[in-house]
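This report refers to the structure that appears directly beneath it.
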Amino acid sequence: MNPSLACIGGTAAYDLLREGALVAKRLGPQNSPFGDSQPIYLCESRFGQFYFLSRHGERGYDLAPTFVNYRANVYALKALGVRAVASWSETRAISHNFKIGQYVLVSDLIDETVSRTNTFFENQGLGLVRQWPVFCPSLRTALATTLGEENFPYTDQGVYVCVEGPRQETPAEARKYAAYGGELIGHSLAPEVFLTRELQMCYASVCYVAHYAETGSDFHPFENGRVLQPAQERQRAAAAVERLPRILERLCDVLERIPGICQCESSMADYIARGQVDTDWRTWFNHVPSEAHSNSSVAS
Ligand SMILES: [Zn+2]
C-alpha cells in the first residue's frame, strides 16, 4: 500500500536526505497535467513509509518559491495516494516572543504573494472553498503530539505571512504585517495550502524559527551580504533542522496510533453533490495550460 503521508520540505531538509539522515529511494519528478513535479522520494522509517518532495530541487536553492510549480507538486502527491501533507519550512519571526530554533504549528495565514497561480480551476467557475480551519486540525494535533512526545519546543499558534520573494521584507513591510496580525514571515505555504484543499487533502505546516524579521536596525550587523547571526542562534536553528527525520518518524507512529477526524476529504463535496464535478478527482481539470511546462519554467 502506498504511504498516505508526505512531507514537502525546503533546501535544508533536502540536505538531510542527501546526507543520508533520511533513508530514501528516489522516485524522481512525476508527470502531471500541469507539468513535472519536483523530485519525490519514498522514505523508510521505523514506524512506516512516507514521501518527501524537495520543494526547491536537488541542487540546493536552485528554484526560488516564486518559480515552484505548486500545482504539479500537489497533483503528483495526490496521484501517489497521499492524503496528508506535512509542510516543513523555515520562517522569520516578526515578534521576539518566538525563539530561534522553536517550532511553530502555523494556525492562520495571510497570503501576500502576487504572481503565483493559486488554483487548479482556472476558467472553470470552481474553487469557492472555505478556508477555515486553514490547516487540517487533525494533522496539527498529530504534529503537536509528535513534538510533545519528543520534548521539542513548539507553539501551536502563529499567523504566517506568505510573501512573494525571493527578496526579504523591508522594515516597513515587517511593521505593516505586524500591524495586521502577522507574526511570522516566509515564502512557502501559499498556494500549497490552498491547492491541497482543492484536492481534498490534509495539510499542516511545521515551521522552525531561523531568524527574526528585518527591523532596519544594526543590532545584527550585515556583512558580506548576510546578517551576522550569533553562534548560539545559528546552532539552535541547525538543531531544529536536524530533528526532522525524528519528527517524521514519530509522526508516522502518531498517525497510526491516533487516527484523526477532519473535514478535509469533503472540501469539494458541494460541487460533487451539485453534479459540477465527478467523484473522480482526476476528471476535475478541463483546463490544461497551453504552456504546460516543466519545473524550471516561470510561475505556476
Ligand atoms: Zn484533514
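Quick note on naming: the chains in the C-alpha cells go A, B, ... in the order shown, residues restart at 1 in each chain, and ligands are numbered from 1 in order of appearance.
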
Query - Test item: residues at most 6 Å from segment 70-82 of chain A, only C-alpha atoms, excluding those fewer than 4 positions along its chain, as a list of chain:residue names - result: A:Ser4, A:Leu5, A:Gln30, A:Ser32, A:Phe34, A:Gly35, A:Asp36, A:Ser37

Can you tell me which residues come within 6 Å of ligand 1 when counting only C-alpha atoms and all ligand atoms, ideally as a PDB file with N, CA and C atoms, in the first residue's frame?
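Output contents, as saved in pocket-v4.pdb:
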```pdb
ATOM      1  N   CYS A 136      -5.282  21.625   8.521  1.00  0.00           N
ATOM      2  CA  CYS A 136      -6.041  20.463   8.998  1.00  0.00           C
ATOM      3  C   CYS A 136      -5.893  20.309  10.516  1.00  0.00           C
ATOM      4  N   SER A 138      -6.691  17.851  12.477  1.00  0.00           N
ATOM      5  CA  SER A 138      -6.231  16.554  12.985  1.00  0.00           C
ATOM      6  C   SER A 138      -4.734  16.360  12.710  1.00  0.00           C
ATOM      7  N   CYS A 202      -5.335  16.666   3.531  1.00  0.00           N
ATOM      8  CA  CYS A 202      -4.986  17.332   4.789  1.00  0.00           C
ATOM      9  C   CYS A 202      -3.629  18.034   4.611  1.00  0.00           C
ATOM     10  N   CYS A 262     -11.368  14.821  10.461  1.00  0.00           N
ATOM     11  CA  CYS A 262     -11.385  16.176   9.903  1.00  0.00           C
ATOM     12  C   CYS A 262     -12.299  16.194   8.677  1.00  0.00           C
ATOM     13  N   GLN A 263     -12.487  17.387   8.140  1.00  0.00           N
ATOM     14  CA  GLN A 263     -13.399  17.567   7.008  1.00  0.00           C
ATOM     15  C   GLN A 263     -12.654  17.725   5.682  1.00  0.00           C
ATOM     16  N   CYS A 264     -11.330  17.556   5.716  1.00  0.00           N
ATOM     17  CA  CYS A 264     -10.538  17.881   4.524  1.00  0.00           C
ATOM     18  C   CYS A 264     -10.962  17.068   3.297  1.00  0.00           C
TER      19      CYS A 264
END
```

Requested in this report: For Ser54 of chain A, please output as a PyMOL selection string all residues within 12 Å (counting only C-alpha atoms; exclusion window: fewer than 6 positions along the same chain).
Outcome: chain A and resi 6-18+26-29+37-42+60-63+65+68-70+73+77+87-89+295

Report summary line: With distances taken over only C-alpha atoms, the candidate from A:Tyr154, A:Phe67, A:Tyr203, A:Phe47 nearest Arg140 of chain A is A:Tyr203

Using only C-alpha atoms, tabulate the residues of segment 190-221 of chain A lying at most 10 Å from any atom of segment 157-181 of chain A, each with its closest atom pair and that distance in Å to one decimal, by chain and increasing residue number, as a tab-separated table.
```
residue	atom	partner	partner_atom	distance
A:Ala190	CA	A:Cys162	CA	6.2
A:Pro191	CA	A:Cys162	CA	9.0
A:Ser205	CA	A:Tyr160	CA	9.9
A:Cys207	CA	A:Tyr160	CA	9.6
A:Ala213	CA	A:Ala174	CA	6.7
A:Glu214	CA	A:Pro171	CA	5.2
A:Thr215	CA	A:Pro171	CA	5.0
A:Gly216	CA	A:Pro171	CA	5.2
A:Ser217	CA	A:Pro171	CA	8.8
```

Can I get the selection written as a compact mmCIF listing (two decimals), in the first residue's frame, with all heavy atoms?
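selection32.txt was written with the following content:
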```txt
# COMPACT_ATOMS: atom_id res chain seq x y z
N ALA A 190 1.88 29.40 0.67
CA ALA A 190 0.87 29.71 -0.35
C ALA A 190 1.52 29.59 -1.72
O ALA A 190 2.63 30.06 -1.92
CB ALA A 190 0.33 31.13 -0.16
N PRO A 191 0.85 28.92 -2.67
CA PRO A 191 -0.52 28.41 -2.57
C PRO A 191 -0.63 26.94 -2.20
O PRO A 191 -1.70 26.36 -2.36
CB PRO A 191 -1.03 28.62 -4.00
CG PRO A 191 0.19 28.32 -4.85
CD PRO A 191 1.36 28.86 -4.06
N SER A 205 1.34 22.89 8.62
CA SER A 205 2.69 23.44 8.49
C SER A 205 3.41 23.36 9.82
O SER A 205 2.88 23.78 10.85
CB SER A 205 2.59 24.90 8.05
OG SER A 205 3.77 25.60 8.40
N CYS A 207 6.84 24.94 11.05
CA CYS A 207 7.96 25.84 10.72
C CYS A 207 8.96 25.82 11.86
O CYS A 207 8.61 25.53 13.00
CB CYS A 207 7.47 27.29 10.62
SG CYS A 207 6.45 27.63 9.20
N ALA A 213 12.62 38.84 11.68
CA ALA A 213 12.33 39.66 10.52
C ALA A 213 13.15 40.95 10.57
O ALA A 213 13.67 41.35 11.62
CB ALA A 213 10.84 39.98 10.48
N GLU A 214 13.23 41.59 9.42
CA GLU A 214 14.04 42.80 9.30
C GLU A 214 13.48 43.92 10.19
O GLU A 214 12.29 44.20 10.18
CB GLU A 214 14.03 43.27 7.84
CG GLU A 214 14.88 44.48 7.58
CD GLU A 214 16.35 44.23 7.92
OE1 GLU A 214 16.96 43.38 7.29
OE2 GLU A 214 16.87 44.90 8.82
N THR A 215 14.36 44.52 10.97
CA THR A 215 13.94 45.62 11.83
C THR A 215 14.46 46.96 11.34
O THR A 215 14.03 48.02 11.78
CB THR A 215 14.46 45.42 13.27
OG1 THR A 215 15.90 45.42 13.20
CG2 THR A 215 13.95 44.14 13.86
N GLY A 216 15.44 46.91 10.46
CA GLY A 216 16.03 48.16 9.99
C GLY A 216 17.05 48.72 10.95
O GLY A 216 17.49 49.87 10.80
N SER A 217 17.46 47.93 11.94
CA SER A 217 18.50 48.40 12.86
C SER A 217 19.79 47.64 12.58
O SER A 217 19.81 46.66 11.84
CB SER A 217 18.07 48.15 14.31
OG SER A 217 18.31 46.80 14.64
```

Requested in this report: For Gly260 of chain A, please output as a PyMOL selection string all residues within 9 Å (counting only C-alpha atoms; exclusion window: fewer than 2 positions along the same chain).
Outcome: chain A and resi 137-139+141-142+255+258+262

Kindly export the residues of the current selection with C-alpha atoms, as a short mmCIF file (atom, residue, chain, number, x, y, z; two decimals), in the first residue's frame.
```cif
data_model
loop_
_atom_site.label_atom_id
_atom_site.label_comp_id
_atom_site.auth_asym_id
_atom_site.auth_seq_id
_atom_site.Cartn_x
_atom_site.Cartn_y
_atom_site.Cartn_z
CA PRO A 137 -6.88 20.26 12.71
CA SER A 138 -6.23 16.55 12.99
CA LEU A 139 -2.80 16.76 11.31
CA THR A 141 -2.93 17.70 16.58
CA ALA A 142 -0.78 14.81 15.35
CA LEU A 255 -0.84 8.93 12.84
CA ILE A 258 -4.32 8.24 16.80
CA CYS A 262 -11.38 16.18 9.90
#
```

Query raised in the report: Hey, what's within 8 Å of Val241 of chain A if we count only C-alpha atoms and toss same-chain stuff fewer than 2 positions away? As a ChimeraX atom specification, please?
Result: /A:12-13,208,237-239,243-244

Report task. Could you tell me how far atom CA of Pro3 of chain A lies from atom CA of Leu195 of chain A, in Å and to one decimal? Result -> 19.8 Å

Query raised in the report: So what do you get for atom CA of Glu198 of chain A versus atom CA of Leu143 of chain A, distance-wise?
Result: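 Between atom CA of Glu198 of chain A and atom CA of Leu143 of chain A the gap is 22.1 Å.
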
Requested in this report: Select from segment 114-287 of chain A everything DSSP, run on the backbone, classes as strand (DSSP E or B), then give the selection as a list in words.
Outcome: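 Reading the DSSP output for segment 114-287 of chain A, strand (DSSP E or B) covers Tyr154, Thr155, Val159, Tyr160, Val161, Cys162, Leu184, Ile185, Gly186, Cys202, Tyr203, Ala204, Ser205, Val206, Cys207, Tyr208, Val209, Ala210, His211, Tyr212, Phe222, Glu223, Arg226 and Val227 of chain A.
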
**Report entry** Which of A:Asp156, A:Glu122, A:Glu183, A:Glu19 sits closest to Thr91 of chain A [using only C-alpha atoms]
**Finding:**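 The answer is A:Glu183, which sits nearest to Thr91 of chain A.
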
Query - Interatomic distance, atom CA of Pro245 of chain A to atom CA of Glu58 of chain A (Å, one decimal) - result: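 Computed distance, atom CA of Pro245 of chain A to atom CA of Glu58 of chain A, equals 18.0 Å.
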
**Report entry** Spatial neighbours of Cys43 of chain A, max dist 7 Å, only C-alpha atoms, sep filter under 3 positions, as a PyMOL selection string
**Finding:** chain A and resi 22-25+49-52

Mind running segment 113-143 of chain A against segment 265-287 of chain A at 8 Å and telling me each contacting residue's nearest atom pair with the distance in Å (one decimal), counting only C-alpha atoms, chain and number ascending, as CSV?
```
residue,atom,partner,partner_atom,distance
A:Phe120,CA,A:Phe285,CA,7.1
A:Phe121,CA,A:Phe285,CA,6.7
A:Glu122,CA,A:His287,CA,6.6
A:Asn123,CA,A:His287,CA,7.2
A:Gln124,CA,A:His287,CA,7.5
A:Leu126,CA,A:Tyr271,CA,7.9
A:Val129,CA,A:Ser267,CA,6.7
A:Arg130,CA,A:Ser267,CA,7.8
```

Requested in this report: Would you mind telling me which residue in A:Ala86, A:Leu128, A:Ile110, A:Ile100 lies nearest to Arg236 of chain A when using only C-alpha atoms?
Outcome: A:Ile100
